[in-house]
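*Asks:* So I've got this file, protein39.cif, and it contains mmCIF, C-alpha atoms and all ligand atoms:
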data_target
#
loop_
_atom_site.label_atom_id
_atom_site.label_comp_id
_atom_site.auth_asym_id
_atom_site.auth_seq_id
_atom_site.Cartn_x
_atom_site.Cartn_y
_atom_site.Cartn_z
CA MET A 1 90.69 70.96 90.18
CA SER A 2 92.90 68.57 92.14
CA ALA A 3 95.30 69.84 94.77
CA GLU A 4 98.88 70.49 93.72
CA PRO A 5 101.48 67.97 94.92
CA LEU A 6 102.46 68.69 98.52
CA GLU A 7 105.48 70.93 98.92
CA ILE A 8 107.76 69.13 101.36
CA HIS A 9 109.86 71.24 103.71
CA LEU A 10 110.18 68.43 106.19
CA GLU A 11 111.68 65.33 104.65
CA GLU A 12 111.61 62.00 106.51
CA GLN A 13 115.22 62.53 107.59
CA ASP A 14 114.46 66.06 108.96
CA LEU A 15 111.58 64.67 110.97
CA ASP A 16 113.74 61.83 112.21
CA ARG A 17 116.52 64.21 113.24
CA ALA A 18 114.11 66.59 114.99
CA LEU A 19 112.34 63.76 116.83
CA ARG A 20 115.66 62.29 118.01
CA GLU A 21 116.77 65.67 119.32
CA ASP A 22 113.47 66.39 121.07
CA VAL A 23 113.34 62.95 122.68
CA ARG A 24 116.97 63.12 123.78
CA VAL A 25 116.52 66.59 125.30
CA GLY A 26 113.02 66.03 126.71
CA LEU A 27 113.54 62.63 128.31
CA THR A 28 116.82 63.62 129.95
CA ALA A 29 115.36 66.89 131.35
CA SER A 30 113.92 67.28 134.81
CA PRO A 31 110.95 67.35 134.77
CA LYS A 32 110.64 65.31 131.57
CA TRP A 33 108.74 66.69 128.62
CA LEU A 34 108.05 66.22 124.89
CA PRO A 35 106.76 68.81 122.39
CA PRO A 36 103.14 68.37 121.25
CA LYS A 37 103.88 68.23 117.52
CA TRP A 38 104.80 64.54 117.85
CA PHE A 39 101.20 63.56 118.68
CA TYR A 40 100.22 64.04 115.08
CA ASP A 41 101.04 60.92 113.07
CA ALA A 42 98.07 59.59 111.04
CA ARG A 43 96.46 58.02 114.13
CA GLY A 44 97.10 61.13 116.27
CA SER A 45 95.54 63.39 113.64
CA GLU A 46 92.46 61.13 113.54
CA LEU A 47 92.24 61.14 117.33
CA PHE A 48 92.43 64.94 117.35
CA GLU A 49 89.51 65.08 114.92
CA GLU A 50 87.60 62.77 117.26
CA ILE A 51 88.41 65.11 120.18
CA THR A 52 86.90 68.06 118.29
CA ARG A 53 83.56 66.22 118.24
CA LEU A 54 83.48 65.33 121.97
CA PRO A 55 80.76 66.90 124.12
CA GLU A 56 83.37 68.26 126.56
CA TYR A 57 85.57 69.83 123.86
CA TYR A 58 83.98 73.27 123.47
CA PRO A 59 86.87 75.08 121.66
CA THR A 60 86.11 73.78 118.16
CA ARG A 61 82.38 74.50 118.39
CA ALA A 62 82.95 77.93 119.93
CA GLU A 63 85.56 78.94 117.36
CA ARG A 64 83.30 77.70 114.58
CA ALA A 65 80.46 79.88 115.92
CA ALA A 66 82.70 82.97 115.99
CA LEU A 67 83.96 82.28 112.47
CA ALA A 68 80.47 81.56 111.12
CA ALA A 69 79.29 84.95 112.37
CA HIS A 70 82.31 86.90 111.11
CA ALA A 71 83.86 85.13 108.12
CA ASP A 72 82.33 87.69 105.75
CA ASP A 73 83.91 90.48 107.83
CA VAL A 74 87.29 88.74 107.53
CA ALA A 75 86.95 88.50 103.76
CA ALA A 76 85.77 92.12 103.41
CA MET A 77 88.34 93.63 105.80
CA THR A 78 91.37 91.76 104.45
CA GLY A 79 90.58 91.48 100.75
CA ALA A 80 93.14 88.66 100.75
CA LYS A 81 94.33 87.00 97.56
CA THR A 82 96.13 84.20 99.40
CA LEU A 83 94.97 82.41 102.55
CA ILE A 84 97.76 80.60 104.41
CA GLU A 85 96.70 78.31 107.25
CA LEU A 86 99.26 77.18 109.85
CA GLY A 87 98.71 73.88 111.68
CA SER A 88 95.80 73.38 109.33
CA GLY A 89 94.86 69.79 110.28
CA SER A 90 91.57 68.95 108.55
CA SER A 91 90.90 72.64 107.63
CA GLU A 92 87.23 71.95 108.42
CA LYS A 93 86.46 75.30 110.08
CA THR A 94 88.52 77.05 107.43
CA ARG A 95 85.75 76.27 104.98
CA LEU A 96 83.74 79.05 106.61
CA LEU A 97 86.47 81.46 105.50
CA LEU A 98 86.76 79.89 102.06
CA ASP A 99 82.99 80.16 101.62
CA ALA A 100 83.09 83.84 102.57
CA PHE A 101 85.98 84.53 100.20
CA THR A 102 84.10 82.68 97.47
CA ARG A 103 81.05 84.90 98.03
CA GLN A 104 83.26 87.96 97.87
CA GLY A 105 85.49 86.77 95.01
CA GLY A 106 89.22 87.51 94.77
CA LEU A 107 90.88 84.71 96.77
CA GLY A 108 93.11 82.79 94.37
CA THR A 109 95.22 80.47 96.51
CA PHE A 110 94.85 78.44 99.69
CA VAL A 111 98.06 77.27 101.38
CA PRO A 112 97.58 74.91 104.34
CA LEU A 113 100.77 74.06 106.26
CA ASP A 114 101.06 71.20 108.73
CA VAL A 115 103.59 68.69 110.07
CA SER A 116 101.10 65.89 109.44
CA VAL A 117 101.40 64.59 105.88
CA SER A 118 98.34 62.38 106.27
CA ALA A 119 96.12 65.26 107.47
CA LEU A 120 97.38 67.49 104.64
CA ARG A 121 96.87 64.89 101.94
CA SER A 122 93.23 64.38 102.76
CA SER A 123 92.44 68.03 103.53
CA THR A 124 94.00 69.36 100.31
CA GLU A 125 92.17 66.82 98.17
CA ARG A 126 88.84 67.57 99.86
CA ILE A 127 89.26 71.36 99.68
CA ALA A 128 90.39 71.28 96.05
CA ALA A 129 87.34 69.19 95.12
CA ALA A 130 84.96 71.49 97.00
CA TYR A 131 86.41 74.80 95.69
CA PRO A 132 87.12 74.18 91.99
CA GLY A 133 88.35 77.72 91.24
CA LEU A 134 90.90 77.73 94.05
CA ARG A 135 94.61 76.87 93.77
CA VAL A 136 95.41 74.55 96.72
CA ARG A 137 99.10 74.27 97.65
CA GLY A 138 99.71 72.15 100.76
CA ILE A 139 103.03 72.57 102.57
CA VAL A 140 104.49 69.92 104.86
CA GLY A 141 106.38 72.10 107.29
CA ASP A 142 106.93 73.20 110.86
CA PHE A 143 105.42 76.55 111.80
CA THR A 144 108.19 77.07 114.33
CA ARG A 145 110.86 76.74 111.63
CA HIS A 146 109.55 77.34 108.12
CA LEU A 147 107.70 80.65 108.17
CA ASP A 148 110.38 82.22 105.99
CA ARG A 149 109.22 79.90 103.19
CA LEU A 150 105.62 81.05 102.95
CA PRO A 151 104.46 82.10 99.49
CA THR A 152 104.90 85.78 98.73
CA GLY A 153 103.03 88.26 96.56
CA GLY A 154 99.44 89.54 96.69
CA ARG A 155 97.59 90.46 99.88
CA ARG A 156 98.00 87.57 102.33
CA LEU A 157 96.01 86.40 105.31
CA VAL A 158 97.64 83.92 107.70
CA ALA A 159 95.11 81.95 109.75
CA PHE A 160 96.18 80.12 112.91
CA LEU A 161 93.10 78.46 114.31
CA GLY A 162 92.12 75.92 116.94
CA GLY A 163 93.89 77.70 119.79
CA THR A 164 97.11 76.00 118.62
CA ILE A 165 99.06 79.17 119.48
CA GLY A 166 98.39 78.25 123.12
CA ASN A 167 100.52 75.12 122.68
CA LEU A 168 103.59 77.34 122.40
CA LEU A 169 105.31 78.42 125.61
CA PRO A 170 105.33 82.22 126.12
CA ALA A 171 108.85 82.73 124.72
CA GLU A 172 108.11 80.43 121.78
CA ARG A 173 104.89 82.35 121.17
CA ALA A 174 106.72 85.67 121.03
CA GLY A 175 109.23 84.12 118.61
CA PHE A 176 106.43 82.67 116.51
CA LEU A 177 104.57 86.00 116.27
CA ALA A 178 107.77 87.86 115.39
CA ALA A 179 108.61 85.29 112.69
CA THR A 180 105.08 85.52 111.30
CA ARG A 181 105.35 89.31 111.15
CA ALA A 182 108.77 89.03 109.48
CA ALA A 183 107.28 86.71 106.83
CA LEU A 184 104.54 89.25 106.01
CA GLU A 185 104.48 92.70 104.40
CA ALA A 186 102.81 95.72 106.02
CA GLY A 187 99.12 95.50 105.14
CA ASP A 188 99.00 91.66 105.25
CA TRP A 189 96.81 90.04 107.91
CA LEU A 190 96.83 87.51 110.74
CA LEU A 191 93.71 85.75 112.06
CA VAL A 192 94.41 83.92 115.29
CA GLY A 193 92.06 81.81 117.41
CA THR A 194 92.65 81.71 121.16
CA ASP A 195 90.83 79.84 123.87
CA LEU A 196 89.88 82.24 126.67
CA VAL A 197 90.42 82.05 130.44
CA LYS A 198 87.32 80.63 132.11
CA ASP A 199 86.14 78.39 134.93
CA PRO A 200 88.58 75.44 135.21
CA GLY A 201 85.48 73.29 135.69
CA VAL A 202 84.76 73.89 132.01
CA VAL A 203 88.37 73.80 130.75
CA VAL A 204 89.66 70.65 132.46
CA PRO A 205 87.01 68.22 131.13
CA ALA A 206 87.80 69.44 127.59
CA TYR A 207 91.26 67.90 128.13
CA ASP A 208 90.10 64.89 130.12
CA ASP A 209 86.95 63.56 128.48
CA ALA A 210 84.81 60.79 129.91
CA ALA A 211 85.28 58.54 126.85
CA GLY A 212 89.07 58.63 127.19
CA VAL A 213 89.79 59.88 123.67
CA THR A 214 92.18 62.60 124.91
CA ALA A 215 93.96 59.98 127.01
CA GLU A 216 94.51 57.89 123.86
CA PHE A 217 95.67 60.98 121.97
CA ASN A 218 98.12 61.78 124.75
CA ARG A 219 99.53 58.26 124.94
CA ASN A 220 99.87 58.25 121.15
CA VAL A 221 103.11 60.21 121.49
CA LEU A 222 104.64 57.19 123.25
CA ARG A 223 103.56 54.96 120.35
CA VAL A 224 105.18 57.38 117.90
CA VAL A 225 108.46 57.25 119.84
CA ASN A 226 108.26 53.44 120.07
CA ARG A 227 107.71 53.08 116.34
CA GLU A 228 110.06 55.77 115.05
CA LEU A 229 112.96 55.38 117.47
CA GLY A 230 112.65 51.71 118.44
CA ALA A 231 111.69 52.59 122.02
CA ASP A 232 109.90 50.21 124.36
CA PHE A 233 107.56 52.46 126.36
CA ASP A 234 105.01 50.30 128.17
CA VAL A 235 102.20 52.59 126.99
CA GLU A 236 99.65 51.17 129.40
CA ALA A 237 101.89 52.01 132.35
CA PHE A 238 101.19 55.72 131.78
CA ARG A 239 98.04 57.49 132.87
CA HIS A 240 96.70 60.62 131.18
CA VAL A 241 96.59 63.68 133.45
CA ALA A 242 95.22 67.18 132.70
CA VAL A 243 96.08 69.87 135.25
CA TRP A 244 95.00 73.52 135.34
CA ASP A 245 97.81 75.89 136.36
CA PRO A 246 96.01 78.94 137.81
CA GLU A 247 99.10 81.15 137.83
CA ARG A 248 100.15 80.62 134.27
CA GLU A 249 96.54 80.15 133.14
CA TRP A 250 97.26 77.05 131.12
CA ILE A 251 96.35 73.40 131.02
CA GLU A 252 99.14 70.89 131.12
CA MET A 253 98.67 67.45 129.68
CA ARG A 254 101.00 64.94 131.23
CA LEU A 255 101.59 61.20 131.24
CA ARG A 256 102.06 59.81 134.75
CA ALA A 257 103.98 56.57 135.29
CA GLU A 258 101.68 54.39 137.39
CA ARG A 259 104.60 52.24 138.56
CA PRO A 260 108.38 52.42 138.27
CA THR A 261 109.24 51.77 134.65
CA ARG A 262 112.30 51.87 132.42
CA VAL A 263 112.41 52.80 128.76
CA ARG A 264 115.10 51.95 126.26
CA VAL A 265 115.19 54.25 123.20
CA ALA A 266 117.19 52.02 120.87
CA ALA A 267 117.87 54.63 118.16
CA LEU A 268 119.49 56.91 120.75
CA GLY A 269 121.15 54.23 122.89
CA LEU A 270 119.29 55.93 125.74
CA ASP A 271 117.88 54.36 128.91
CA VAL A 272 115.43 56.38 130.93
CA ALA A 273 113.90 55.54 134.31
CA PHE A 274 110.52 56.79 135.51
CA ALA A 275 109.77 56.63 139.22
CA ALA A 276 106.23 55.69 140.28
CA GLY A 277 104.13 58.84 139.92
CA GLU A 278 106.71 60.64 137.78
CA GLU A 279 105.19 62.74 135.01
CA LEU A 280 106.13 63.54 131.44
CA ARG A 281 104.68 66.85 130.17
CA THR A 282 103.35 66.45 126.64
CA GLU A 283 101.36 69.64 126.01
CA VAL A 284 100.66 73.07 127.39
CA SER A 285 97.44 74.75 126.29
CA ALA A 286 97.44 78.39 127.32
CA LYS A 287 94.17 80.27 127.81
CA PHE A 288 94.14 83.97 127.03
CA ARG A 289 92.60 87.27 128.10
CA PRO A 290 91.47 89.65 125.34
CA ALA A 291 93.84 92.50 126.32
CA GLY A 292 96.77 90.12 126.65
CA ILE A 293 96.36 88.85 123.09
CA ALA A 294 96.21 92.41 121.72
CA ALA A 295 99.39 93.28 123.62
CA GLU A 296 101.24 90.20 122.33
CA LEU A 297 100.15 91.01 118.78
CA ALA A 298 101.24 94.64 119.18
CA GLY A 299 104.61 93.51 120.56
CA ALA A 300 105.21 91.63 117.32
CA GLY A 301 104.19 94.49 115.01
CA PHE A 302 100.51 93.71 114.44
CA VAL A 303 97.57 96.01 115.13
CA ARG A 304 94.40 94.20 116.13
CA GLN A 305 91.47 95.45 114.08
CA ALA A 306 88.76 93.14 115.40
CA PHE A 307 88.13 90.67 118.21
CA TRP A 308 85.15 88.33 118.02
CA THR A 309 83.92 85.60 120.34
CA ASP A 310 81.20 82.95 120.24
CA PRO A 311 77.93 83.98 121.96
CA ASP A 312 79.06 82.36 125.25
CA GLY A 313 82.41 84.18 125.23
CA LEU A 314 84.40 80.93 125.43
CA PHE A 315 86.78 81.42 122.52
CA GLY A 316 88.23 84.53 120.84
CA VAL A 317 89.26 85.22 117.26
CA SER A 318 91.57 88.20 116.66
CA LEU A 319 92.06 89.80 113.26
CA ALA A 320 95.25 91.87 113.12
CA ARG A 321 96.99 93.84 110.40
CA ALA A 322 100.74 93.82 109.94
CA ASP A 323 101.85 97.37 110.68
C1 LIG B 401 95.28 71.50 117.87
S1 LIG B 401 95.39 70.93 116.21
C2 LIG B 401 94.42 72.15 115.35
C3 LIG B 401 93.97 71.73 113.98
C4 LIG B 401 93.07 72.74 113.24
N1 LIG B 401 93.80 73.98 112.95
C5 LIG B 401 91.84 73.05 114.04
O1 LIG B 401 91.62 74.24 114.33
O2 LIG B 401 91.07 72.14 114.34
C6 LIG B 401 97.05 71.38 115.83
C7 LIG B 401 97.49 71.13 114.39
O3 LIG B 401 98.77 71.72 114.19
C8 LIG B 401 99.68 70.77 113.66
N2 LIG B 401 100.98 71.08 114.24
C9 LIG B 401 101.37 70.94 115.54
N3 LIG B 401 102.62 71.42 115.72
C10 LIG B 401 103.03 71.87 114.49
C11 LIG B 401 104.23 72.49 114.02
N4 LIG B 401 105.25 72.74 114.85
N5 LIG B 401 104.28 72.85 112.71
C12 LIG B 401 103.24 72.59 111.86
N6 LIG B 401 102.09 72.01 112.25
C13 LIG B 401 101.98 71.65 113.55
C14 LIG B 401 99.13 69.42 114.03
O4 LIG B 401 99.54 68.40 113.10
C15 LIG B 401 97.62 69.68 113.99
O5 LIG B 401 97.09 69.47 112.71
#
Represent the structure from my file as structure tokens, please.
*Replies:*
Amino acid sequence: MSAEPLEIHLEEQDLDRALREDVRVGLTASPKWLPPKWFYDARGSELFEEITRLPEYYPTRAERAALAAHADDVAAMTGAKTLIELGSGSSEKTRLLLDAFTRQGGLGTFVPLDVSVSALRSSTERIAAAYPGLRVRGIVGDFTRHLDRLPTGGRRLVAFLGGTIGNLLPAERAGFLAATRAALEAGDWLLVGTDLVKDPGVVVPAYDDAAGVTAEFNRNVLRVVNRELGADFDVEAFRHVAVWDPEREWIEMRLRAERPTRVRVAALGLDVAFAAGEELRTEVSAKFRPAGIAAELAGAGFVRQAFWTDPDGLFGVSLARAD
């Protein structure tokens, strides 16, 4: 079966409007920042896939190990008819869940949702070809805005993998979990992958690899702004920086201006100056403690039923039921 045509909740003009707003707000703030969703044009999505294969990037391998060991438990415990995946990207690890649901029988529909049209197009075609009995309905949408449009009916499982929840700031995270709960019925399920707090000597290299792929991924956001908003960022003037914040227990990815530089964002009529050494925050990646995740889930109306990690305890996967 081929995938159904993508359901578009983010038209070109919505994306354009949202990018303009984020760039206007972020580049005029102090300190400057941009939200991580703008990394993911076609090139950014490819670079992220490359990151997942880097020797330093343990989260993908660790989450895959936890899912491989427990995908059958997820299928048996949830008995889901519909699997919705938020920020689905390539949906590669999700195949472990789809395989388990196939063994068990009963899953009818797979609904990946992502801002990246290119990632969705290829993932939906590949998944539909590999799972002929499955209805595959890709949604181009923003998981911070479009959760009220998720498909309804039948027991649902929402999967949010890759530690992407850690890219939301704490208040955004609480809002996201509340909106997810509001989109579900009691008895539906949430499966969420979270990277765990550990030695910064292990975490930092995962965000600052020797081959420089993460640096390219980080700078890609400047290329997106140049292309989409007619900006003239001198991309090579910015150095990739990954910093561990021990108090907030998160990694920050930043772009540091190596020399004084000015940027004109033509579409906004905006001129922005960067002093030498000034940084632009592009991503936060929070690391979690097992009890903290359970408490955040409970605060949003979920009851955690299982918590699994990889054998090295690097990454956690929580399965929670909507109360
Ligand atoms: C860190 S990657 C994880 C991809 C995949 N889930 C995995 O585990 O490898 C984050 C994914 O979320 C998507 N994304 C980021 N922000 C988003 C948003 N606000 N709404 C929808 N998708 C988003 C990106 O396009 C990307 O595919």
*Asks:* Just want the 7 Å neighbourhood of region 108-121 of chain A, counted on all atoms listed in the file, with same-chain residues fewer than 4 positions away dropped. Output as an MDAnalysis selection string.
*Replies:* chainID A and resid 40:42 45 81:90 125 134:142
*Asks:* Quick one: of A:Pro5, A:Gly162, A:Gly277, A:Gly313, who's nearest to Ser122 (chain A), counting all atoms listed in the file?
*Replies:*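 Closest residue, counting all atoms listed in the file: A:Pro5.
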*Asks:* Set the distance at 8 Å and use all atoms listed in the file: which residues neighbour Gly106 (chain A) once local chain neighbours fewer than 2 positions away are removed? I'd like the list as a ChimeraX atom specification.
*Replies:* /A:79-81,101-102,104,108
*Asks:* Residues of the last selection are to be written out with C-alpha atoms, as a PDB file, keeping the file's coordinate frame.
*Replies:*
ATOM      1  CA  GLY A  79      90.580  91.480 100.750  1.00  0.00           C
ATOM      2  CA  ALA A  80      93.140  88.660 100.750  1.00  0.00           C
ATOM      3  CA  LYS A  81      94.330  87.000  97.560  1.00  0.00           C
ATOM      4  CA  PHE A 101      85.980  84.530 100.200  1.00  0.00           C
ATOM      5  CA  THR A 102      84.100  82.680  97.470  1.00  0.00           C
ATOM      6  CA  GLN A 104      83.260  87.960  97.870  1.00  0.00           C
ATOM      7  CA  GLY A 108      93.110  82.790  94.370  1.00  0.00           C
TER       8      GLY A 108
END
*Asks:* Within 12 Å of (84.6, 69.4, 110.2), in the coordinates the file gives, what residues turn up when you count all atoms listed in the file, written out as a PDB file with C-alpha atoms, keeping the file's coordinate frame?
*Replies:*
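Saved to point13.pdb:
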ATOM      1  CA  GLU A  46      92.460  61.130 113.540  1.00  0.00           C
ATOM      2  CA  PHE A  48      92.430  64.940 117.350  1.00  0.00           C
ATOM      3  CA  GLU A  49      89.510  65.080 114.920  1.00  0.00           C
ATOM      4  CA  GLU A  50      87.600  62.770 117.260  1.00  0.00           C
ATOM      5  CA  ILE A  51      88.410  65.110 120.180  1.00  0.00           C
ATOM      6  CA  THR A  52      86.900  68.060 118.290  1.00  0.00           C
ATOM      7  CA  ARG A  53      83.560  66.220 118.240  1.00  0.00           C
ATOM      8  CA  THR A  60      86.110  73.780 118.160  1.00  0.00           C
ATOM      9  CA  ARG A  61      82.380  74.500 118.390  1.00  0.00           C
ATOM     10  CA  GLU A  63      85.560  78.940 117.360  1.00  0.00           C
ATOM     11  CA  ARG A  64      83.300  77.700 114.580  1.00  0.00           C
ATOM     12  CA  SER A  88      95.800  73.380 109.330  1.00  0.00           C
ATOM     13  CA  GLY A  89      94.860  69.790 110.280  1.00  0.00           C
ATOM     14  CA  SER A  90      91.570  68.950 108.550  1.00  0.00           C
ATOM     15  CA  SER A  91      90.900  72.640 107.630  1.00  0.00           C
ATOM     16  CA  GLU A  92      87.230  71.950 108.420  1.00  0.00           C
ATOM     17  CA  LYS A  93      86.460  75.300 110.080  1.00  0.00           C
ATOM     18  CA  THR A  94      88.520  77.050 107.430  1.00  0.00           C
ATOM     19  CA  ARG A  95      85.750  76.270 104.980  1.00  0.00           C
ATOM     20  CA  LEU A  96      83.740  79.050 106.610  1.00  0.00           C
ATOM     21  CA  SER A 123      92.440  68.030 103.530  1.00  0.00           C
ATOM     22  CA  ARG A 126      88.840  67.570  99.860  1.00  0.00           C
ATOM     23  CA  ILE A 127      89.260  71.360  99.680  1.00  0.00           C
TER      24      ILE A 127
END
*Asks:* Between A:Phe238, A:Phe307, A:Trp244, A:Phe39, which one has atoms that come closest to Leu280 (chain A), using only C-alpha atoms?
*Replies:*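 Closest candidate: A:Phe238.
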*Asks:* Find, counting all atoms listed in the file, the residue in A:Arg173, A:Arg20, A:Arg281, A:Lys32 that gets nearest to ligand LIG 401 (chain B).
*Replies:*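 Comparing A:Arg173, A:Arg20, A:Arg281, A:Lys32 against ligand LIG 401 (chain B), the winner is A:Arg173.
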*Asks:* Between A:Pro151, A:Pro35, A:Pro246, A:Gly212, which has the minimum distance to ligand LIG 401 (chain B) (counting only C-alpha atoms and all ligand atoms)?
*Replies:*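 Ranking A:Pro151, A:Pro35, A:Pro246, A:Gly212 by distance to ligand LIG 401 (chain B), first place goes to A:Pro35.
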*Asks:* Please give the centre and size of the box around ligand LIG 401 (chain B) (axis-aligned, containing every atom listed in the file, 6 Å added per side), with values in Å to one decimal and written as lines of an AutoDock Vina configuration file.
*Replies:*
center_x = 98.2
center_y = 71.3
center_z = 114.9
size_x = 26.2
size_y = 17.8
size_z = 18.0
*Asks:* Go through A:Ile8, A:Val158, A:Val263, A:Ala242 one by one, measure the shortest atom-to-atom distance of each to Glu283 (chain A) using only C-alpha atoms, and give the residue with the smallest value.
*Replies:* A:Ala242
*Asks:* I need the residue nearest Pro36 (chain A) from this list: A:Glu247, A:Glu7, A:Asp22, A:Asp232. Use all atoms listed in the file for the distance.
*Replies:*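 When distances to Pro36 (chain A) are compared using all atoms listed in the file, the smallest one comes from A:Asp22.
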*Asks:* Hey, can you check how far CA of Gly299 (chain A) sits from CA of Ala182 (chain A)?
*Replies:* 12.7 Å
*Asks:* Got a sec: who's within 12 Å of Gly175 (chain A), counting only C-alpha atoms, leaving out chain neighbours fewer than 6 positions off, as a PyMOL selection string?
*Replies:* chain A and resi 143-145+147+165+168-169+181-182+296-297+299-300
*Asks:* Around (88.1, 73.4, 132.9) in the file's own coordinates, what residues are found within 12 Å if you use only C-alpha atoms, given back as an mmCIF file with C-alpha atoms, keeping the file's coordinate frame?
*Replies:*
data_model
loop_
_atom_site.group_PDB
_atom_site.id
_atom_site.type_symbol
_atom_site.label_atom_id
_atom_site.label_comp_id
_atom_site.auth_asym_id
_atom_site.auth_seq_id
_atom_site.Cartn_x
_atom_site.Cartn_y
_atom_site.Cartn_z
ATOM 1 C CA GLU A 56 83.370 68.260 126.560
ATOM 2 C CA TYR A 57 85.570 69.830 123.860
ATOM 3 C CA TYR A 58 83.980 73.270 123.470
ATOM 4 C CA PRO A 59 86.870 75.080 121.660
ATOM 5 C CA ASP A 195 90.830 79.840 123.870
ATOM 6 C CA LEU A 196 89.880 82.240 126.670
ATOM 7 C CA VAL A 197 90.420 82.050 130.440
ATOM 8 C CA LYS A 198 87.320 80.630 132.110
ATOM 9 C CA ASP A 199 86.140 78.390 134.930
ATOM 10 C CA PRO A 200 88.580 75.440 135.210
ATOM 11 C CA GLY A 201 85.480 73.290 135.690
ATOM 12 C CA VAL A 202 84.760 73.890 132.010
ATOM 13 C CA VAL A 203 88.370 73.800 130.750
ATOM 14 C CA VAL A 204 89.660 70.650 132.460
ATOM 15 C CA PRO A 205 87.010 68.220 131.130
ATOM 16 C CA ALA A 206 87.800 69.440 127.590
ATOM 17 C CA TYR A 207 91.260 67.900 128.130
ATOM 18 C CA ASP A 208 90.100 64.890 130.120
ATOM 19 C CA ASP A 209 86.950 63.560 128.480
ATOM 20 C CA ALA A 242 95.220 67.180 132.700
ATOM 21 C CA VAL A 243 96.080 69.870 135.250
ATOM 22 C CA TRP A 244 95.000 73.520 135.340
ATOM 23 C CA ASP A 245 97.810 75.890 136.360
ATOM 24 C CA PRO A 246 96.010 78.940 137.810
ATOM 25 C CA GLU A 249 96.540 80.150 133.140
ATOM 26 C CA TRP A 250 97.260 77.050 131.120
ATOM 27 C CA ILE A 251 96.350 73.400 131.020
ATOM 28 C CA GLU A 252 99.140 70.890 131.120
ATOM 29 C CA SER A 285 97.440 74.750 126.290
ATOM 30 C CA ALA A 286 97.440 78.390 127.320
ATOM 31 C CA LYS A 287 94.170 80.270 127.810
ATOM 32 C CA LEU A 314 84.400 80.930 125.430
#
*Asks:* How far is it from CA of Val25 (chain A) to atom C12 of ligand LIG 401 (chain B), in Å with one decimal?
*Replies:* 19.8 Å
*Asks:* Between CA of Gly193 (chain A) and CA of Phe160 (chain A), measure the distance and give it in Å to one decimal.
*Replies:* 6.3 Å
*Asks:* Could you pull the residues within 6 Å of region 215-222 of chain A, counting only C-alpha atoms, minus those fewer than 2 positions along the same chain, as number ranges by chain?
*Replies:* A: 38-39, 44, 47, 212-213, 224-225, 240
*Asks:* Got a moment to write region 126-140 of chain A out with C-alpha atoms, as a CSV table (one decimal), in the first residue's frame?
*Replies:*
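In the end it all went to selection.csv:
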chain,number,residue,atom,x,y,z
A,126,ARG,CA,9.2,3.7,3.2
A,127,ILE,CA,6.9,2.7,6.1
A,128,ALA,CA,3.9,2.1,3.8
A,129,ALA,CA,6.0,-0.1,1.6
A,130,ALA,CA,7.4,-2.1,4.5
A,131,TYR,CA,4.1,-2.6,6.3
A,132,PRO,CA,1.5,-3.3,3.6
A,133,GLY,CA,-1.5,-3.8,6.0
A,134,LEU,CA,-1.0,-0.5,7.7
A,135,ARG,CA,-2.7,2.8,6.9
A,136,VAL,CA,0.0,5.5,6.9
A,137,ARG,CA,-1.2,9.1,7.3
A,138,GLY,CA,1.6,11.6,7.6
A,139,ILE,CA,0.8,15.0,9.0
A,140,VAL,CA,2.9,18.1,8.4
